[in-house]
>>> print(open('final19.tsv').read())   # TSV, C-alpha atoms
chain	number	residue	atom	x	y	z
Z	1	MET	CA	-55.11	27.20	42.57
Z	2	THR	CA	-54.56	25.06	39.50
Z	3	THR	CA	-54.27	25.97	35.83
Z	4	SER	CA	-57.87	24.94	35.20
Z	5	LYS	CA	-58.95	28.14	37.01
Z	6	LEU	CA	-57.16	30.43	34.56
Z	7	HIS	CA	-59.96	30.49	31.99
Z	8	GLU	CA	-62.32	31.66	34.75
Z	9	LEU	CA	-60.20	34.79	34.96
Z	10	GLY	CA	-61.03	35.53	31.34
Z	11	PHE	CA	-57.86	34.14	29.83
Z	12	CYS	CA	-58.63	32.37	26.56
Z	13	PRO	CA	-57.21	28.85	26.33
Z	14	VAL	CA	-55.19	28.15	23.17
Z	15	CYS	CA	-54.12	24.74	24.34
Z	16	GLU	CA	-54.38	23.05	27.67
Z	17	GLY	CA	-52.05	20.28	28.72
Z	18	GLU	CA	-51.71	18.64	32.09
Z	19	GLU	CA	-53.43	20.48	34.92
Z	20	LYS	CA	-50.75	21.94	37.17
Z	21	GLU	CA	-50.64	23.48	40.61
Z	22	ILE	CA	-49.83	27.20	40.46
Z	23	THR	CA	-47.14	28.52	42.78
Z	24	GLY	CA	-47.19	32.21	41.74
Z	25	GLY	CA	-46.73	34.51	38.79
Z	26	PHE	CA	-43.89	35.93	36.70
Z	27	CYS	CA	-43.85	38.84	34.25
Z	28	GLY	CA	-41.19	39.39	31.61
Z	29	ASP	CA	-40.39	39.29	27.92
Z	30	LEU	CA	-36.67	38.64	27.89
Z	31	LEU	CA	-36.34	34.90	27.58
Z	32	SER	CA	-33.08	34.55	29.45
Z	33	TRP	CA	-34.46	36.72	32.20
Z	34	ALA	CA	-37.46	34.41	32.46
Z	35	MET	CA	-35.22	31.35	32.48
Z	36	GLY	CA	-33.04	32.84	35.15
Z	37	SER	CA	-35.84	34.01	37.42
Z	38	ALA	CA	-39.15	32.26	36.74
Z	39	GLN	CA	-39.87	29.56	39.29
Z	40	GLU	CA	-41.36	26.15	38.66
Z	41	GLY	CA	-45.15	26.28	38.74
Z	42	GLN	CA	-45.53	30.00	38.08
Z	43	VAL	CA	-47.86	31.54	35.52
Z	44	TRP	CA	-45.76	33.48	33.03
Z	45	PHE	CA	-47.22	36.70	31.62
Z	46	THR	CA	-45.51	37.86	28.44
Z	47	VAL	CA	-46.07	39.44	25.04
Z	48	MET	CA	-43.45	37.25	23.38
Z	49	GLY	CA	-45.36	34.76	21.25
Z	50	ASN	CA	-42.63	32.97	19.33
Z	51	ILE	CA	-41.57	29.34	19.47
Z	52	ASN	CA	-38.72	30.07	21.86
Z	53	THR	CA	-41.21	31.19	24.50
Z	54	ILE	CA	-42.68	27.71	24.42
Z	55	ALA	CA	-39.22	26.14	24.66
Z	56	VAL	CA	-38.42	28.27	27.72
Z	57	ALA	CA	-41.79	27.47	29.29
Z	58	CYS	CA	-41.02	23.76	28.98
Z	59	LEU	CA	-37.48	24.03	30.31
Z	60	ALA	CA	-38.40	26.26	33.24
Z	61	ASP	CA	-41.43	24.08	34.11
Z	62	VAL	CA	-43.82	27.02	34.40
Z	63	ALA	CA	-47.45	26.04	35.01
Z	64	ALA	CA	-48.85	28.15	32.19
Z	65	VAL	CA	-48.07	30.94	29.73
Z	66	VAL	CA	-50.47	33.87	29.31
Z	67	LEU	CA	-49.81	35.80	26.11
Z	68	CYS	CA	-50.94	39.33	26.93
Z	69	HIS	CA	-52.01	42.50	25.17
Z	70	GLY	CA	-53.39	40.59	22.19
Z	71	ALA	CA	-49.84	39.85	21.07
Z	72	ALA	CA	-49.44	37.67	18.01
Z	73	LEU	CA	-48.89	33.96	18.52
Z	74	ALA	CA	-46.70	32.41	15.85
Z	75	ASP	CA	-48.12	29.32	14.14
Z	76	ASP	CA	-45.07	27.23	15.01
Z	77	ALA	CA	-45.35	28.33	18.63
Z	78	ARG	CA	-48.98	27.23	18.75
Z	79	ALA	CA	-48.05	23.86	17.24
Z	80	ARG	CA	-45.13	23.39	19.62
Z	81	ALA	CA	-47.27	24.24	22.63
Z	82	ALA	CA	-49.82	21.64	21.58
Z	83	ALA	CA	-47.10	19.05	20.98
Z	84	GLU	CA	-45.42	19.72	24.33
Z	85	GLY	CA	-48.66	19.97	26.28
Z	86	VAL	CA	-48.01	23.53	27.46
Z	87	ASN	CA	-50.89	25.34	29.13
Z	88	LEU	CA	-51.17	28.41	26.91
Z	89	TYR	CA	-53.70	31.24	27.17
Z	90	THR	CA	-54.19	34.59	25.49
Z	91	THR	CA	-55.74	37.81	26.71
Z	92	SER	CA	-56.26	41.30	25.35
Z	93	LEU	CA	-55.29	42.72	28.75
Z	94	PRO	CA	-51.86	44.34	29.08
Z	95	GLU	CA	-49.38	42.38	31.19
Z	96	PHE	CA	-49.87	44.52	34.29
Z	97	GLU	CA	-53.63	44.19	34.26
Z	98	ALA	CA	-53.53	40.48	33.43
Z	99	ALA	CA	-51.07	39.83	36.24
Z	100	ALA	CA	-53.13	41.97	38.62
Z	101	ALA	CA	-56.29	40.00	37.81
Z	102	PHE	CA	-54.40	36.78	38.44
Z	103	ALA	CA	-52.87	38.09	41.65
Z	104	ARG	CA	-56.27	39.11	43.05
Z	105	ALA	CA	-57.55	35.57	42.50
Z	106	PHE	CA	-54.35	33.83	43.58
Z	107	ALA	CA	-53.74	35.76	46.80
Z	108	PRO	CA	-56.91	37.71	47.60
F	109	MET	CA	-16.54	7.40	34.47
F	110	ASP	CA	-17.92	3.91	34.95
F	111	ASN	CA	-21.61	3.67	34.18
F	112	ALA	CA	-21.56	7.01	32.38
F	113	ILE	CA	-24.32	7.57	29.84
F	114	CYS	CA	-23.27	9.86	27.00
F	115	MET	CA	-25.37	11.99	24.68
F	116	GLU	CA	-24.01	14.03	21.81
F	117	TYR	CA	-25.69	16.81	19.86
F	118	VAL	CA	-24.84	19.07	16.96
F	119	VAL	CA	-26.34	22.56	17.19
F	120	PRO	CA	-26.98	24.32	13.86
F	121	GLY	CA	-25.99	27.94	13.47
F	122	ASP	CA	-28.51	30.77	13.14
F	123	ASP	CA	-31.55	28.54	13.53
F	124	PHE	CA	-33.30	29.67	16.69
F	125	THR	CA	-36.32	27.48	16.08
F	126	ARG	CA	-34.13	24.38	16.38
F	127	ALA	CA	-31.96	25.67	19.18
F	128	GLY	CA	-33.42	24.01	22.22
F	129	GLU	CA	-33.70	20.55	20.75
F	130	ALA	CA	-30.61	19.30	22.54
F	131	SER	CA	-31.67	20.59	25.94
F	132	ALA	CA	-35.22	19.31	25.46
F	133	ASN	CA	-33.87	15.91	24.46
F	134	MET	CA	-31.45	15.86	27.39
F	135	LYS	CA	-34.23	16.82	29.77
F	136	GLN	CA	-36.39	13.91	28.60
F	137	SER	CA	-33.47	11.50	28.84
F	138	LEU	CA	-32.55	12.63	32.36
F	139	LYS	CA	-36.15	12.26	33.47
F	140	ARG	CA	-36.25	8.73	32.08
F	141	LEU	CA	-33.04	7.95	33.96
F	142	GLY	CA	-34.76	9.00	37.16
F	143	VAL	CA	-32.57	12.04	37.86
F	144	PRO	CA	-34.27	14.31	40.45
F	145	ALA	CA	-36.42	17.02	38.86
F	146	ALA	CA	-34.55	19.96	40.42
F	147	ALA	CA	-31.22	18.82	38.95
F	148	VAL	CA	-32.85	18.13	35.59
F	149	ARG	CA	-34.34	21.63	35.49
F	150	ARG	CA	-31.05	23.32	36.33
F	151	ALA	CA	-29.10	21.33	33.74
F	152	ALA	CA	-31.72	21.88	31.04
F	153	ILE	CA	-31.80	25.65	31.57
F	154	ALA	CA	-28.00	25.90	31.53
F	155	LEU	CA	-27.74	23.80	28.38
F	156	TYR	CA	-30.47	25.80	26.61
F	157	GLU	CA	-28.56	29.00	27.25
F	158	GLY	CA	-25.50	27.29	25.81
F	159	GLU	CA	-27.39	26.16	22.73
F	160	ILE	CA	-28.69	29.66	22.11
F	161	ASN	CA	-25.19	31.06	22.44
F	162	LEU	CA	-23.87	28.51	19.94
F	163	ALA	CA	-26.62	29.44	17.48
F	164	ILE	CA	-26.31	33.22	17.92
F	165	HIS	CA	-22.60	33.74	18.23
F	166	ALA	CA	-20.68	30.74	16.95
F	167	GLY	CA	-22.42	29.50	13.81
F	168	GLY	CA	-23.36	26.34	15.70
F	169	GLY	CA	-21.35	23.88	17.72
F	170	ARG	CA	-21.16	20.55	19.45
F	171	ILE	CA	-22.45	19.34	22.81
F	172	ARG	CA	-21.54	16.25	24.80
F	173	VAL	CA	-23.40	15.30	27.95
F	174	GLU	CA	-22.15	12.63	30.34
F	175	VAL	CA	-24.41	11.42	33.09
F	176	THR	CA	-23.11	9.45	36.06
F	177	PRO	CA	-24.97	8.60	39.25
F	178	ASP	CA	-23.45	11.75	40.81
F	179	THR	CA	-23.18	14.35	38.05
F	180	ILE	CA	-24.57	15.74	34.83
F	181	ALA	CA	-21.48	16.96	32.97
F	182	MET	CA	-21.98	19.14	29.88
F	183	HIS	CA	-19.25	19.99	27.40
F	184	LEU	CA	-19.90	22.60	24.69
F	185	GLU	CA	-17.46	23.57	21.98
F	186	ASP	CA	-17.51	25.68	18.87
F	187	ASP	CA	-15.28	27.02	16.13
F	188	GLY	CA	-16.72	30.50	16.40
F	189	PRO	CA	-15.06	33.90	16.76
F	190	GLY	CA	-14.10	33.40	20.40
F	191	ILE	CA	-14.51	35.79	23.32
F	192	ALA	CA	-11.84	38.46	23.85
F	193	ASP	CA	-12.90	39.55	27.34
F	194	ILE	CA	-14.47	36.69	29.28
F	195	PRO	CA	-15.09	38.63	32.54
F	196	LEU	CA	-16.98	41.24	30.53
F	197	ALA	CA	-18.98	38.55	28.71
F	198	MET	CA	-19.79	36.96	32.08
F	199	SER	CA	-21.27	40.17	33.47
F	200	GLU	CA	-25.05	40.39	33.56
F	201	GLY	CA	-26.53	42.58	30.87
F	202	TYR	CA	-23.51	42.67	28.57
F	203	THR	CA	-24.45	41.51	25.09
F	204	THR	CA	-23.18	41.56	21.53
F	205	ALA	CA	-26.30	39.94	20.12
F	206	PRO	CA	-27.67	41.60	16.97
F	207	ALA	CA	-31.04	43.40	16.94
F	208	GLU	CA	-32.83	40.60	15.11
F	209	VAL	CA	-31.90	38.21	17.90
F	210	ARG	CA	-32.96	40.64	20.61
F	211	SER	CA	-36.34	41.04	18.89
F	212	LEU	CA	-36.93	37.34	19.59
F	213	GLY	CA	-36.40	37.92	23.30
F	214	PHE	CA	-32.79	36.76	23.43
F	215	GLY	CA	-29.65	38.79	23.81
F	216	ALA	CA	-30.38	40.15	27.28
F	217	GLY	CA	-26.82	39.49	28.35
F	218	MET	CA	-27.96	36.78	30.75
F	219	GLY	CA	-26.83	33.66	28.91
F	220	LEU	CA	-23.42	33.04	30.45
F	221	PRO	CA	-24.47	34.35	33.88
F	222	ASN	CA	-27.45	31.98	33.86
F	223	MET	CA	-25.23	29.05	32.89
F	224	LYS	CA	-22.99	29.78	35.86
F	225	LYS	CA	-25.95	30.40	38.15
F	226	TYR	CA	-27.63	27.09	37.43
F	227	THR	CA	-24.56	24.85	37.54
F	228	ASP	CA	-22.26	23.68	40.32
F	229	THR	CA	-19.07	23.89	38.29
F	230	PHE	CA	-18.52	26.20	35.31
F	231	GLU	CA	-15.36	26.69	33.27
F	232	ILE	CA	-15.01	28.64	30.05
F	233	GLN	CA	-12.00	28.83	27.77
F	234	SER	CA	-11.86	30.88	24.63
F	235	THR	CA	-9.37	31.90	21.99
F	236	VAL	CA	-10.22	34.70	19.59
F	237	GLY	CA	-10.43	33.35	16.07
F	238	VAL	CA	-10.38	29.73	17.22
F	239	GLY	CA	-13.44	29.09	19.34
F	240	THR	CA	-14.85	28.58	22.80
F	241	THR	CA	-15.28	25.59	25.07
F	242	ILE	CA	-17.45	25.39	28.18
F	243	ASP	CA	-17.43	22.64	30.76
F	244	MET	CA	-20.19	22.80	33.32
F	245	SER	CA	-21.83	20.32	35.62
F	246	VAL	CA	-24.79	19.87	37.90
F	247	SER	CA	-24.46	17.63	40.92
F	248	ILE	CA	-27.18	15.07	41.47
F	249	ALA	CA	-28.05	15.35	45.13
>>> encode(input="final19.tsv", output="structure tokens")
Amino acid sequence: MTTSKLHELGFCPVCEGEEKEITGGFCGDLLSWAMGSAQEGQVWFTVMGNINTIAVACLADVAAVVLCHGAALADDARARAAAEGVNLYTTSLPEFEAAAAFARAFAP
Amino acid sequence: MDNAICMEYVVPGDDFTRAGEASANMKQSLKRLGVPAAAVRRAAIALYEGEINLAIHAGGGRIRVEVTPDTIAMHLEDDGPGIADIPLAMSEGYTTAPAEVRSLGFGAGMGLPNMKKYTDTFEIQSTVGVGTTIDMSVSIA
């Protein structure tokens, strides 16, 4: 699966950069926890929509960020994601349900 | 240290929107130098944790990165309050970060443990009231 499939799951694209191969998923809102545990190529489900989330996404080389539960996306985070070419999506689904929808499609 | 390439950065204090610039810049530079992606990722994550620590706890600080064909060596120093109990600070989950920092998703008590986890050598020295220095490196396989 690649990141281009994420919008088919109902996730709303905010900005789409380079299409990336997806290796799995990761859930978490603590940024250091994500940096310590998220693997390259994973889709990161979080409710943390500040600029630091985008910085961590870039450093950890995740394939995409899905901002869940209708959480607010800061304007500077949106701009940074566009500038860095981060694949960023939003959804009104809570993290568990968003991750479950992804997991069903990723590993049916 | 023949053929070493050096990069120096100043990290501002209490500005979490700018913290990350040094590690992002280093990551781009290492990629351009052709350093393998896995080593670049590990070094960038470790340095980002260091930058955040400098911004949260030390009122800013200074970073020097030296890249040789074998190693990415990162030196961080600050004139902050210092760390009284380093083993305690190194334990996962221990944090002294204020609530406003935790609300941004930081302050999980994983910063120093992550720096150690993602590097091949890690040394920290600290004197209360004087400051803290960290030397850490990632080997380029």
>>> closest_residue(input="final19.tsv", among="Z:Met35, Z:Ile54, Z:Ala63, Z:Cys15", to="Met218 of chain F", atoms="all atoms listed in the file")
Z:Met35
>>> closest_atom_pairs(input="final19.tsv", of="chain F", to="chain Z", cutoff="10 Å", atoms="all atoms listed in the file", output="tab-separated table")
residue	atom	partner	partner_atom	distance
F:Phe124	CA	Z:Asn52	CA	7.5
F:Thr125	CA	Z:Ile51	CA	6.5
F:Arg126	CA	Z:Asn52	CA	9.1
F:Ala127	CA	Z:Asn52	CA	8.5
F:Gly128	CA	Z:Ala55	CA	6.6
F:Glu129	CA	Z:Ala55	CA	8.8
F:Ser131	CA	Z:Leu59	CA	8.0
F:Ala132	CA	Z:Leu59	CA	7.1
F:Lys135	CA	Z:Leu59	CA	7.9
F:Ala145	CA	Z:Asp61	CA	9.9
F:Ala146	CA	Z:Glu40	CA	9.4
F:Val148	CA	Z:Leu59	CA	9.2
F:Arg149	CA	Z:Leu59	CA	6.5
F:Arg150	CA	Z:Ala60	CA	8.5
F:Ala151	CA	Z:Leu59	CA	9.4
F:Ala152	CA	Z:Leu59	CA	6.2
F:Ile153	CA	Z:Leu59	CA	6.0
F:Ala154	CA	Z:Met35	CA	9.1
F:Leu155	CA	Z:Leu59	CA	9.9
F:Tyr156	CA	Z:Leu59	CA	8.1
F:Glu157	CA	Z:Ser32	CA	7.5
F:Ile160	CA	Z:Ser32	CA	9.9
F:Gly201	CA	Z:Trp33	CA	9.9
F:Arg210	CA	Z:Leu30	CA	8.4
F:Ser211	CA	Z:Met48	CA	9.2
F:Leu212	CA	Z:Asn50	CA	7.2
F:Gly213	CA	Z:Leu30	CA	4.7
F:Phe214	CA	Z:Leu31	CA	5.8
F:Gly215	CA	Z:Ser32	CA	7.8
F:Ala216	CA	Z:Leu30	CA	6.5
F:Gly217	CA	Z:Ser32	CA	8.0
F:Met218	CA	Z:Ser32	CA	5.7
F:Gly219	CA	Z:Ser32	CA	6.3
F:Leu220	CA	Z:Ser32	CA	9.8
F:Pro221	CA	Z:Gly36	CA	8.8
F:Asn222	CA	Z:Gly36	CA	5.8
F:Met223	CA	Z:Gly36	CA	9.0
F:Lys225	CA	Z:Gly36	CA	8.1
F:Tyr226	CA	Z:Gly36	CA	8.2
>>> residues_around(input="final19.tsv", residues="segment 3-14 of chain Z", least_positions_apart="5", cutoff="10 Å", atoms="only C-alpha atoms", output="PyMOL selection string")
chain Z and resi 19-22+41-43+63-68+73+78+81-82+86-93+98+101-102+104-106
>>> closest_residue(input="final19.tsv", among="F:Leu184, F:Val143, F:Ile232, F:Ala163", to="Met198 of chain F", atoms="only C-alpha atoms")
F:Ile232
>>> atom_distance(input="final19.tsv", atom1="atom CA of Phe26 of chain Z", atom2="atom CA of Met1 of chain Z")
15.4 Å
>>> closest_residue(input="final19.tsv", among="Z:Gly17, Z:Ala99, Z:Cys27, Z:Ala107", to="Arg80 of chain Z", atoms="all atoms listed in the file")
Z:Gly17
>>> residues_around(input="final19.tsv", residues="segment 172-179 of chain F", least_positions_apart="5", cutoff="6 Å", atoms="all atoms listed in the file", output="PyMOL selection string")
chain F and resi 112-116+246-248
>>> atom_distance(input="final19.tsv", atom1="atom CA of His165 of chain F", atom2="atom CA of Ala207 of chain F")
12.9 Å
>>> atom_distance(input="final19.tsv", atom1="atom CA of Ile191 of chain F", atom2="atom CA of Val238 of chain F")
9.5 Å
>>> closest_residue(input="final19.tsv", among="F:Val119, F:Gly239, F:Ser245, F:Gly190", to="Arg170 of chain F", atoms="only C-alpha atoms")
F:Val119
>>> axis_aligned_box(input="final19.tsv", around="segment 150-168 of chain F", padding_each_side="3 Å", output="lines of an AutoDock Vina configuration file")
center_x = -26.2
center_y = 27.5
center_z = 25.1
size_x = 17.1
size_y = 18.4
size_z = 28.5
>>> closest_residue(input="final19.tsv", among="F:Thr229, F:Thr240, F:Ser234, F:Asn133", to="Met182 of chain F", atoms="all atoms listed in the file")
F:Thr229
>>> closest_residue(input="final19.tsv", among="F:Val236, F:Ile171, F:Val118, F:Ala166", to="Ala192 of chain F", atoms="all atoms listed in the file")
F:Val236
